[in-house]
Each structure stands twice: as C-alpha cells, then as structure tokens.
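Here is target.tsv, consisting of TSV, C-alpha atoms and all ligand atoms:
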chain	number	residue	atom	x	y	z
A	603	MET	CA	87.69	99.69	42.30
A	604	ASP	CA	84.03	100.36	41.49
A	605	TYR	CA	82.66	103.68	42.64
A	606	ALA	CA	79.05	104.57	43.36
A	607	ILE	CA	79.96	108.26	43.18
A	608	GLU	CA	82.96	109.92	41.56
A	609	THR	CA	83.25	113.66	41.22
A	610	ASN	CA	85.87	115.36	39.14
A	611	GLU	CA	86.80	118.95	40.01
A	612	LEU	CA	83.15	119.68	40.71
A	613	THR	CA	82.52	123.40	40.83
A	614	LYS	CA	79.37	125.36	41.63
A	615	ARG	CA	79.44	129.13	41.57
A	616	TYR	CA	76.64	131.42	42.54
A	617	LYS	CA	76.84	135.11	41.71
A	618	LYS	CA	79.04	136.03	44.61
A	619	THR	CA	79.88	132.69	46.18
A	620	THR	CA	81.85	129.69	45.04
A	621	ALA	CA	80.10	126.92	46.97
A	622	LEU	CA	82.07	124.08	45.34
A	623	ASP	CA	85.56	124.82	44.15
A	624	GLY	CA	86.87	121.77	42.29
A	625	ALA	CA	85.68	119.09	44.71
A	626	THR	CA	86.99	115.64	43.82
A	627	LEU	CA	85.83	112.64	45.80
A	628	ARG	CA	85.29	108.92	45.36
A	629	VAL	CA	82.69	106.87	47.18
A	630	PRO	CA	83.48	103.16	46.73
A	631	LYS	CA	80.55	100.84	46.11
A	632	GLY	CA	79.45	99.37	49.44
A	633	ALA	CA	80.95	102.22	51.50
A	634	ILE	CA	79.32	104.39	54.13
A	635	TYR	CA	81.02	107.65	53.26
A	636	GLY	CA	80.95	110.37	55.88
A	637	LEU	CA	81.07	113.85	54.41
A	638	VAL	CA	82.52	116.16	57.05
A	639	GLY	CA	82.76	119.93	56.85
A	640	ARG	CA	82.02	123.12	58.71
A	641	ASN	CA	78.89	125.22	58.13
A	642	GLY	CA	79.08	126.66	54.65
A	643	ALA	CA	81.79	124.22	53.46
A	644	GLY	CA	79.56	123.16	50.55
A	645	LYS	CA	78.11	119.83	51.76
A	646	THR	CA	74.50	120.57	50.88
A	647	THR	CA	75.50	122.07	47.53
A	648	LEU	CA	77.46	118.93	46.70
A	649	ILE	CA	74.48	116.77	47.64
A	650	ARG	CA	72.10	118.97	45.64
A	651	VAL	CA	74.33	118.78	42.57
A	652	LEU	CA	74.62	114.97	42.83
A	653	ASN	CA	70.82	114.76	42.95
A	654	ASP	CA	70.42	116.98	39.90
A	655	LEU	CA	68.75	119.75	41.87
A	656	GLN	CA	71.54	122.02	40.70
A	657	ARG	CA	73.79	121.99	37.64
A	658	PRO	CA	77.55	122.08	38.12
A	659	THR	CA	79.20	125.26	36.82
A	660	ASP	CA	82.26	123.22	35.94
A	661	GLY	CA	83.64	119.72	36.37
A	662	GLY	CA	81.45	116.65	36.47
A	663	TYR	CA	80.50	113.48	38.25
A	664	ALA	CA	79.55	109.89	37.58
A	665	LEU	CA	77.07	107.70	39.45
A	666	PHE	CA	77.79	103.96	39.28
A	667	GLY	CA	80.23	104.73	36.47
A	668	VAL	CA	77.70	106.65	34.35
A	669	PRO	CA	78.72	110.27	33.65
A	670	HIS	CA	76.10	112.85	34.63
A	671	THR	CA	75.88	114.03	31.03
A	672	ASP	CA	75.05	110.52	29.75
A	673	LYS	CA	71.48	109.70	28.73
A	674	LYS	CA	71.54	106.60	30.93
A	675	ILE	CA	71.92	108.74	34.06
A	676	SER	CA	68.15	109.02	34.64
A	677	ALA	CA	67.90	105.22	34.99
A	678	VAL	CA	70.78	105.35	37.50
A	679	ARG	CA	69.04	108.11	39.47
A	680	ARG	CA	66.14	105.74	40.14
A	681	ARG	CA	68.59	103.65	42.17
A	682	ILE	CA	69.18	106.56	44.56
A	683	GLY	CA	67.24	107.51	47.68
A	684	ALA	CA	67.97	110.86	49.29
A	685	ILE	CA	67.15	113.23	52.12
A	686	ILE	CA	68.27	116.72	51.22
A	687	GLU	CA	68.04	119.45	53.86
A	688	ALA	CA	64.61	119.05	55.43
A	689	PRO	CA	62.64	116.15	53.94
A	690	VAL	CA	59.65	117.17	51.79
A	691	PHE	CA	56.23	115.49	52.04
A	692	TYR	CA	52.76	115.72	50.58
A	693	GLY	CA	51.03	117.63	53.36
A	694	ASP	CA	47.49	116.39	52.60
A	695	LEU	CA	48.48	112.73	52.60
A	696	THR	CA	49.05	110.43	55.56
A	697	VAL	CA	52.38	108.82	56.29
A	698	LEU	CA	51.30	105.61	54.52
A	699	GLU	CA	49.87	107.49	51.54
A	700	ASN	CA	53.09	109.52	51.27
A	701	LEU	CA	55.08	106.32	51.04
A	702	LYS	CA	52.71	104.80	48.48
A	703	GLN	CA	52.85	107.97	46.42
A	704	GLN	CA	56.64	107.84	46.48
A	705	CYS	CA	56.47	104.24	45.17
A	706	ARG	CA	54.14	105.31	42.36
A	707	ILE	CA	56.46	108.14	41.35
A	708	LEU	CA	59.38	105.71	41.26
A	709	GLY	CA	57.36	103.22	39.21
A	710	MET	CA	57.51	100.50	41.88
A	711	PRO	CA	55.20	97.62	40.93
A	712	SER	CA	53.93	96.92	44.48
A	713	PHE	CA	53.70	98.33	48.00
A	714	ALA	CA	54.51	94.99	49.66
A	715	HIS	CA	57.95	96.14	50.82
A	716	LEU	CA	56.52	99.18	52.65
A	717	ASP	CA	55.53	97.21	55.78
A	718	GLY	CA	59.16	96.34	56.43
A	719	ILE	CA	60.31	99.93	55.85
A	720	ILE	CA	57.59	101.29	58.14
A	721	ALA	CA	58.54	98.86	60.92
A	722	GLU	CA	62.28	99.48	60.54
A	723	THR	CA	61.95	103.24	60.63
A	724	GLY	CA	59.70	103.01	63.71
A	725	LEU	CA	56.66	104.53	62.00
A	726	SER	CA	54.16	101.68	62.59
A	727	GLU	CA	52.08	103.68	65.06
A	728	HIS	CA	52.05	106.78	62.91
A	729	VAL	CA	50.96	105.55	59.47
A	730	LYS	CA	47.56	107.25	59.63
A	731	LYS	CA	48.93	110.66	60.67
A	732	LYS	CA	49.65	113.54	58.39
A	733	PRO	CA	53.32	114.59	58.38
A	734	SER	CA	52.47	117.93	60.04
A	735	LYS	CA	51.27	115.98	63.09
A	736	LEU	CA	54.60	114.20	63.52
A	737	SER	CA	57.37	115.45	65.77
A	738	GLN	CA	60.49	116.70	64.00
A	739	GLY	CA	62.36	113.49	64.82
A	740	TYR	CA	59.54	111.39	63.35
A	741	ARG	CA	59.42	113.60	60.25
A	742	GLN	CA	63.10	112.78	59.87
A	743	ARG	CA	62.26	109.06	60.14
A	744	LEU	CA	59.56	109.51	57.49
A	745	GLY	CA	62.16	111.24	55.30
A	746	LEU	CA	64.35	108.19	55.64
A	747	ALA	CA	61.41	105.86	54.89
A	748	MET	CA	60.65	107.91	51.74
A	749	ALA	CA	64.30	107.63	50.71
A	750	LEU	CA	64.07	103.84	51.18
A	751	ALA	CA	60.76	103.43	49.35
A	752	GLY	CA	62.48	102.80	46.01
A	753	GLU	CA	64.76	100.13	47.54
A	754	PRO	CA	67.83	102.17	46.54
A	755	ASP	CA	71.38	100.95	45.95
A	756	LEU	CA	72.69	104.35	47.00
A	757	LEU	CA	71.40	106.51	49.86
A	758	ILE	CA	72.39	110.18	50.06
A	759	LEU	CA	71.53	111.60	53.45
A	760	ASP	CA	72.06	115.20	54.46
A	761	GLU	CA	72.03	115.38	58.27
A	762	PRO	CA	69.81	112.28	58.72
A	763	ILE	CA	69.70	112.33	62.52
A	764	ASN	CA	69.03	116.01	63.08
A	765	SER	CA	66.45	116.31	65.87
A	766	VAL	CA	66.15	112.56	66.35
A	767	ASP	CA	66.11	111.47	70.02
A	768	PRO	CA	68.86	109.18	71.41
A	769	GLN	CA	66.73	106.03	71.04
A	770	GLY	CA	65.90	107.01	67.44
A	771	ILE	CA	69.58	107.64	66.69
A	772	VAL	CA	70.43	104.09	67.79
A	773	GLU	CA	67.57	102.67	65.68
A	774	ILE	CA	68.60	104.66	62.60
A	775	ARG	CA	72.24	103.67	63.07
A	776	GLU	CA	71.29	99.99	63.24
A	777	LEU	CA	69.02	100.33	60.22
A	778	LEU	CA	71.74	101.99	58.14
A	779	LEU	CA	74.32	99.38	59.15
A	780	ARG	CA	71.88	96.57	58.32
A	781	LEU	CA	71.07	98.04	54.90
A	782	ASN	CA	74.75	98.40	54.19
A	783	ARG	CA	75.82	94.96	55.41
A	784	GLU	CA	72.86	92.88	54.29
A	785	LYS	CA	71.86	94.63	51.10
A	786	GLY	CA	75.13	96.29	50.14
A	787	VAL	CA	73.53	99.76	50.04
A	788	THR	CA	76.19	102.46	49.54
A	789	MET	CA	75.69	105.67	51.53
A	790	LEU	CA	76.91	109.24	51.47
A	791	ILE	CA	76.07	110.84	54.79
A	792	SER	CA	76.72	114.40	55.89
A	793	SER	CA	76.43	115.01	59.59
A	794	HIS	CA	77.61	117.47	62.18
A	795	ILE	CA	77.37	114.78	64.82
A	796	LEU	CA	80.83	113.37	64.25
A	797	ASP	CA	80.76	110.94	67.13
A	798	GLU	CA	77.71	109.29	65.57
A	799	LEU	CA	79.15	109.43	62.06
A	800	SER	CA	82.28	107.66	63.27
A	801	ARG	CA	80.14	104.74	64.47
A	802	VAL	CA	78.97	103.93	60.95
A	803	ALA	CA	81.38	105.41	58.40
A	804	THR	CA	83.82	103.21	56.47
A	805	ASP	CA	85.27	106.20	54.61
A	806	TYR	CA	85.56	109.94	55.14
A	807	GLY	CA	85.84	112.98	52.95
A	808	PHE	CA	86.69	116.31	54.57
A	809	LEU	CA	85.25	119.27	52.71
A	810	GLU	CA	86.57	122.79	53.27
A	811	GLN	CA	85.71	125.89	51.25
A	812	GLY	CA	84.28	123.77	48.44
A	813	ARG	CA	87.24	121.41	48.13
A	814	ILE	CA	87.86	117.92	49.45
A	815	VAL	CA	91.00	118.51	51.48
A	816	ARG	CA	91.40	114.91	52.64
A	817	GLU	CA	89.88	111.53	51.93
A	818	MET	CA	90.61	108.47	54.04
A	819	THR	CA	89.15	105.14	55.02
A	820	ALA	CA	88.00	104.59	58.60
A	821	ARG	CA	90.88	102.08	58.91
A	822	GLU	CA	93.39	104.75	57.86
A	823	PHE	CA	91.79	107.16	60.30
A	824	GLU	CA	92.14	104.67	63.14
A	825	ALA	CA	95.75	103.91	62.21
A	826	ASN	CA	96.59	107.62	62.02
A	827	ALA	CA	94.57	108.74	65.01
A	828	ARG	CA	96.83	110.00	67.71
A	829	LYS	CA	96.74	107.98	70.89
A	830	SER	CA	96.25	109.99	74.01
A	831	MET	CA	96.04	109.51	77.74
A	832	ARG	CA	93.50	111.34	79.85
A	833	VAL	CA	95.02	111.86	83.29
A	834	THR	CA	93.88	113.39	86.54
A	835	VAL	CA	96.61	114.82	88.74
A	836	SER	CA	96.93	116.64	92.05
A	837	ASP	CA	98.72	119.62	90.49
A	838	PRO	CA	98.17	120.45	86.79
A	839	ALA	CA	100.80	123.23	86.87
A	840	ALA	CA	103.47	120.69	87.88
A	841	LEU	CA	102.23	118.37	85.13
A	842	ALA	CA	102.62	121.17	82.58
A	843	VAL	CA	106.20	121.89	83.72
A	844	ALA	CA	107.17	118.19	83.54
A	845	LEU	CA	105.67	117.69	80.06
A	846	GLU	CA	107.15	120.93	78.71
A	847	GLU	CA	110.58	119.73	79.83
A	848	LYS	CA	110.05	116.42	78.03
A	849	GLY	CA	108.67	118.16	74.91
A	850	ILE	CA	105.44	116.16	75.10
A	851	GLU	CA	102.23	117.67	73.71
A	852	TYR	CA	99.36	118.07	76.19
A	853	LYS	CA	96.18	119.94	76.87
A	854	ILE	CA	95.07	120.99	80.33
A	855	LEU	CA	91.35	120.39	81.00
A	856	PRO	CA	89.07	121.44	83.86
A	857	ASP	CA	88.96	119.53	87.14
A	858	ASN	CA	92.69	118.74	87.35
A	859	ALA	CA	92.48	116.66	84.17
A	860	ALA	CA	94.71	116.78	81.08
A	861	ASP	CA	95.12	115.00	77.76
A	862	ILE	CA	98.63	113.86	76.93
A	863	PHE	CA	99.49	113.11	73.31
A	864	GLY	CA	102.50	111.01	72.44
A	865	GLU	CA	104.15	107.97	73.89
A	866	ILE	CA	105.17	108.02	77.54
A	867	PRO	CA	104.91	104.94	79.75
A	868	VAL	CA	102.61	105.45	82.72
A	869	GLY	CA	105.35	104.46	85.19
A	870	GLU	CA	107.74	107.06	83.75
A	871	LEU	CA	105.03	109.71	83.87
A	872	ALA	CA	104.20	108.88	87.49
A	873	ALA	CA	107.90	109.09	88.46
A	874	LEU	CA	108.36	112.35	86.60
A	875	LEU	CA	105.35	113.90	88.30
A	876	SER	CA	106.28	112.60	91.69
A	877	ALA	CA	109.71	114.30	91.35
A	878	GLY	CA	107.78	117.56	90.88
A	879	GLY	CA	105.59	116.90	93.94
A	880	CYS	CA	102.55	115.97	91.87
A	881	THR	CA	100.49	112.77	92.22
A	882	LEU	CA	99.02	110.89	89.28
A	883	LEU	CA	95.46	110.07	90.38
A	884	ASN	CA	93.91	108.46	87.33
A	885	VAL	CA	94.85	107.41	83.78
A	886	THR	CA	92.73	106.26	80.82
A	887	GLU	CA	94.02	105.49	77.33
A	888	ARG	CA	92.02	107.13	74.55
A	889	ASP	CA	91.94	107.11	70.77
A	890	GLU	CA	91.64	110.45	69.04
A	891	THR	CA	88.04	111.23	68.16
A	892	LEU	CA	86.90	112.13	64.66
A	893	GLU	CA	85.94	115.51	66.03
A	894	SER	CA	89.41	116.34	67.34
A	895	PHE	CA	91.00	115.01	64.12
A	896	PHE	CA	88.66	117.25	62.13
A	897	LEU	CA	89.38	120.30	64.28
A	898	ASN	CA	93.12	119.72	63.91
A	899	LEU	CA	92.81	119.27	60.15
A	900	MET	CA	90.71	122.40	59.76
A	901	GLY	CA	93.01	124.35	62.07
A	902	GLY	CA	95.83	123.44	59.71
A	903	ALA	CA	93.82	124.36	56.61
A	904	GLN	CA	93.05	127.89	57.72
B	1001	LIG	P1	75.75	123.79	56.49
B	1001	LIG	O1	76.55	122.82	57.28
B	1001	LIG	O2	75.60	125.09	57.19
B	1001	LIG	O3	74.46	123.23	55.97
B	1001	LIG	P2	77.01	123.38	53.92
B	1001	LIG	O4	78.37	122.77	54.05
B	1001	LIG	O5	75.89	122.49	53.57
B	1001	LIG	O6	76.68	124.19	55.23
B	1001	LIG	P3	76.21	124.92	51.62
B	1001	LIG	O7	74.79	125.08	52.07
B	1001	LIG	O8	76.48	123.97	50.52
B	1001	LIG	O9	77.16	124.55	52.84
B	1001	LIG	O10	76.74	126.38	51.23
B	1001	LIG	C1	78.05	126.61	50.70
B	1001	LIG	C2	78.17	128.08	50.37
B	1001	LIG	O11	77.35	128.40	49.25
B	1001	LIG	C3	77.73	129.01	51.48
B	1001	LIG	O12	78.59	130.12	51.48
B	1001	LIG	C4	76.33	129.43	51.08
B	1001	LIG	O13	76.04	130.69	51.58
B	1001	LIG	C5	76.42	129.43	49.57
B	1001	LIG	N1	75.14	129.11	48.91
B	1001	LIG	C6	74.44	127.95	49.03
B	1001	LIG	N2	73.33	127.98	48.28
B	1001	LIG	C7	73.31	129.18	47.65
B	1001	LIG	C8	72.41	129.82	46.72
B	1001	LIG	N3	71.32	129.21	46.29
B	1001	LIG	N4	72.74	131.07	46.31
B	1001	LIG	C9	73.86	131.69	46.72
B	1001	LIG	N5	74.74	131.15	47.59
B	1001	LIG	C10	74.48	129.91	48.06
Represent the structure from my file as structure tokens, please.
Amino acid sequence: MDYAIETNELTKRYKKTTALDGATLRVPKGAIYGLVGRNGAGKTTLIRVLNDLQRPTDGGYALFGVPHTDKKISAVRRRIGAIIEAPVFYGDLTVLENLKQQCRILGMPSFAHLDGIIAETGLSEHVKKKPSKLSQGYRQRLGLAMALAGEPDLLILDEPINSVDPQGIVEIRELLLRLNREKGVTMLISSHILDELSRVATDYGFLEQGRIVREMTAREFEANARKSMRVTVSDPAALAVALEEKGIEYKILPDNAADIFGEIPVGELAALLSAGGCTLLNVTERDETLESFFLNLMGGAQ
C-alpha cells in the first residue's frame, strides 16, 4: 500500500517531557485519518514534527515515501497544506491578500483557483476584511482556505472545527469529503469532537502518552463496535438485578434509562423484566460511538 505519511518510532523529548515516545503510524494515500488522543497525548507535537516545525529527537518519518532526511522532502512539503494550533495570518492584509500572499510563497503561477476556495470555505462576503475583524469561526475557515491555497495532496489539520458554528461544521465536513472523494486529497485530522470526526474518518490512530496504541480503519471500528440497546424501564433497580443474574453488561442512565451491551433478544428481555415486576417502556438499537470506544480503550491503557 502507498502511504502519504509513515512514522517510525517517532520520538520528541523536551527537557522534562517526552511528548512523542516512539509513535508509529501509517496514513494510507487517499485516507482521512483521524488522530484521537487526550489533552497532552502528543497530537500537536506529532503534527508540528511532520510539518518540520520541530525536529524529531529519535525515529523518523516519510511523506509520500520520501524520508524526512532526504533532499527531495522540501518538494514534497509543497504538496502539504496545514493548520497547526491556531492559524496564523498576515494581520495587515485582507482575507484576499492573505490568500494571494500564500500563493506567492508557495510559488503558485496564478490566483485563478482562489475564487473556488473562497466560495467553498464560505468567505465570499469577507474577502475585504482583515483577519482580526473576523469571528473565531471565520478565522478558522480562513485557516482552512490558506491550507488549500497550494492545492495540496495532503492536508494536516489540527482541530479544524474548533469554534466553528454548527452550520460551518456541516460546510467544512462537506468540503473535506468533497476534496477527498473528488480530488483524492489525503488528510490527517486531529479533533476532540469525536462524533464529528467519525462522520469523515476512514482510518483512526489512537495516541496515548506519545505512542500510537491502536490503529484501525473505520470499517474495522464499525465491525468491532459493540452493539448496544438503549432502554427505558419502569424500575431500573429491577433491570439491574435481572441483568446481573444473566451476566449481561449494562450502564444505568438518568431518567429510568439504561444501555445494555451484549446480545439479548428484546422479547427475552421484556419477559425477564416482567418476571421482576418491571415494564420495558422503550428500546432503541445503537452502535457504539467513537467516543465510548475511545474512553474504553483509554480506560484499559491506564
Ligand atoms: P492538546 O489536546 O491539549 O492540544 P496534544 O495531544 O496536542 O494536547 P501536545 O501539545 O503535543 O499534546 O503536548 C504533549 C506533551 O508535550 C505535553 O505534556 C506538553 O506539555 C509537552 N510539550 C509540548 N510542547 C512543549 C514544549 N515546547 N516544551 C516542553 N514541553 C512541551
């Protein structure tokens, strides 16, 4: 398989902290790779190292098959667009001038493609403003537009939808999916908003204390995700007794609700509850969310 990003035991040590501790991951070409990890897991450090803002202490990485120590790597870097932490702009320039300046820096021969980028990132009405006059969500959109200005083959986005409103989140999601499907742009995205990440990601890497503790495709995630039933009952205590007896995992929730993990036919559950004087009021089948998978995984890693 061809990889847009491969890291090999990537390590970054600061004086007192080891931010990356032998992180090995593979981002297949054409993937939308969701990088998931708690605060301080090392996501931003990894992204900074990949963008040559920091040197690895040990280990290495390759971008589109070119090792980071190879002379050809600077040509490969031109194929990358990135937002790292908060996007950075030229404060004295307008939105449009910022984008043109980005094109100049990247050696783009024309600005003709900027109209499309401006429209797709929802910036059309803001091109004459200075970045400081934009709301935080629109600054984030400008960051994305800047990352797209070089028509990249690989986008590296650190928390791209931070402070974006719900409408903007939908627009950015659709834009990212379009870029991926129509232009084959590979993406590495770190986000705390796992529900949103799970709507776009084709692959996941779970980072914990500077190491990738698990990598899986979205398909593998879906196949492995535990099925659950969300039920509402008249008497949660009776539900707990019945499920304990059966050895079935469950979690009691507020408002007489509970999540039941594991296979039990609804009819059998209803009969079991009824024997304990409890009525089953409502049942919905649910797939495990990325967030609960992540919390389980991290619980196990501690
Ligand atoms: P968050 O989700 O909070 O942004 P993160 O996963 O991006 O977290 P990093 O910012 O990569 O995590 O930080 C990883 C660890 O490295 C943290 O313990 C952090 O304090 C430390 N660290 C990051 N940058 C530096 C630095 N320049 N000097 C010293 N320590 C640093």
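Atom CA of Gln703 of chain A to atom CA of Val678 of chain A spans 20.2 Å [interatomic distance, one decimal].
If you look at atom P2 of ligand LIG 1001 (chain B) and atom CA of Ile814 of chain A, they are 12.9 Å away from each other.
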Give one line per residue of chain A that approaches ligand LIG 1001 (chain B) to at most 9 Å, naming the two atoms of the closest pair and their distance in Å to one decimal, counting all atoms listed in the file; sort by chain then ascending residue number and deliver it as JSON lines.
{"residue": "A:Lys614", "atom": "CA", "partner": "B:LIG1001", "partner_atom": "O11", "distance": 8.4}
{"residue": "A:Arg615", "atom": "CA", "partner": "B:LIG1001", "partner_atom": "N5", "distance": 7.9}
{"residue": "A:Tyr616", "atom": "CA", "partner": "B:LIG1001", "partner_atom": "C9", "distance": 5.0}
{"residue": "A:Lys617", "atom": "CA", "partner": "B:LIG1001", "partner_atom": "C9", "distance": 6.8}
{"residue": "A:Lys618", "atom": "CA", "partner": "B:LIG1001", "partner_atom": "C9", "distance": 7.1}
{"residue": "A:Thr619", "atom": "CA", "partner": "B:LIG1001", "partner_atom": "N5", "distance": 5.5}
{"residue": "A:Thr620", "atom": "CA", "partner": "B:LIG1001", "partner_atom": "O11", "distance": 6.3}
{"residue": "A:Ala621", "atom": "CA", "partner": "B:LIG1001", "partner_atom": "O11", "distance": 3.9}
{"residue": "A:Leu622", "atom": "CA", "partner": "B:LIG1001", "partner_atom": "C1", "distance": 7.2}
{"residue": "A:Val638", "atom": "CA", "partner": "B:LIG1001", "partner_atom": "O4", "distance": 8.4}
{"residue": "A:Gly639", "atom": "CA", "partner": "B:LIG1001", "partner_atom": "O4", "distance": 5.9}
{"residue": "A:Arg640", "atom": "CA", "partner": "B:LIG1001", "partner_atom": "O1", "distance": 5.7}
{"residue": "A:Asn641", "atom": "CA", "partner": "B:LIG1001", "partner_atom": "O2", "distance": 3.4}
{"residue": "A:Gly642", "atom": "CA", "partner": "B:LIG1001", "partner_atom": "O9", "distance": 3.4}
{"residue": "A:Ala643", "atom": "CA", "partner": "B:LIG1001", "partner_atom": "O4", "distance": 3.8}
{"residue": "A:Gly644", "atom": "CA", "partner": "B:LIG1001", "partner_atom": "O8", "distance": 3.2}
{"residue": "A:Lys645", "atom": "CA", "partner": "B:LIG1001", "partner_atom": "O4", "distance": 3.7}
{"residue": "A:Thr646", "atom": "CA", "partner": "B:LIG1001", "partner_atom": "O5", "distance": 3.6}
{"residue": "A:Thr647", "atom": "CA", "partner": "B:LIG1001", "partner_atom": "O8", "distance": 3.7}
{"residue": "A:Leu648", "atom": "CA", "partner": "B:LIG1001", "partner_atom": "O8", "distance": 6.4}
{"residue": "A:Ile649", "atom": "CA", "partner": "B:LIG1001", "partner_atom": "O8", "distance": 8.0}
{"residue": "A:Arg650", "atom": "CA", "partner": "B:LIG1001", "partner_atom": "O8", "distance": 8.2}
{"residue": "A:Glu687", "atom": "CA", "partner": "B:LIG1001", "partner_atom": "O3", "distance": 7.7}
{"residue": "A:Asp760", "atom": "CA", "partner": "B:LIG1001", "partner_atom": "O5", "distance": 8.3}
{"residue": "A:Glu761", "atom": "CA", "partner": "B:LIG1001", "partner_atom": "O3", "distance": 8.5}
{"residue": "A:Ser792", "atom": "CA", "partner": "B:LIG1001", "partner_atom": "O5", "distance": 8.5}
{"residue": "A:Ser793", "atom": "CA", "partner": "B:LIG1001", "partner_atom": "O1", "distance": 8.1}
{"residue": "A:His794", "atom": "CA", "partner": "B:LIG1001", "partner_atom": "O1", "distance": 7.3}
{"residue": "A:Leu809", "atom": "CA", "partner": "B:LIG1001", "partner_atom": "O4", "distance": 7.8}
{"residue": "A:Glu810", "atom": "CA", "partner": "B:LIG1001", "partner_atom": "O4", "distance": 8.2}
{"residue": "A:Gln811", "atom": "CA", "partner": "B:LIG1001", "partner_atom": "C1", "distance": 7.7}
{"residue": "A:Gly812", "atom": "CA", "partner": "B:LIG1001", "partner_atom": "C1", "distance": 7.2}
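As for atom CA of Lys853 of chain A and atom CA of Ala877 of chain A, they are spaced 20.6 Å apart.
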So, with all atoms listed in the file as the atoms that count, which of A:Lys735, A:Arg741, A:Lys730, A:His715 lies closest to Phe691 of chain A? A:Arg741
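With all atoms listed in the file as the basis for measurement, A:Val766 is the residue among A:Ile685, A:Val766, A:Leu845, A:Ile795 that approaches Gly739 of chain A most closely.
Nearest residue to Gln769 of chain A among A:Ser676, A:Asn782, A:Thr723, A:Ser876 is A:Thr723, counting only C-alpha atoms.
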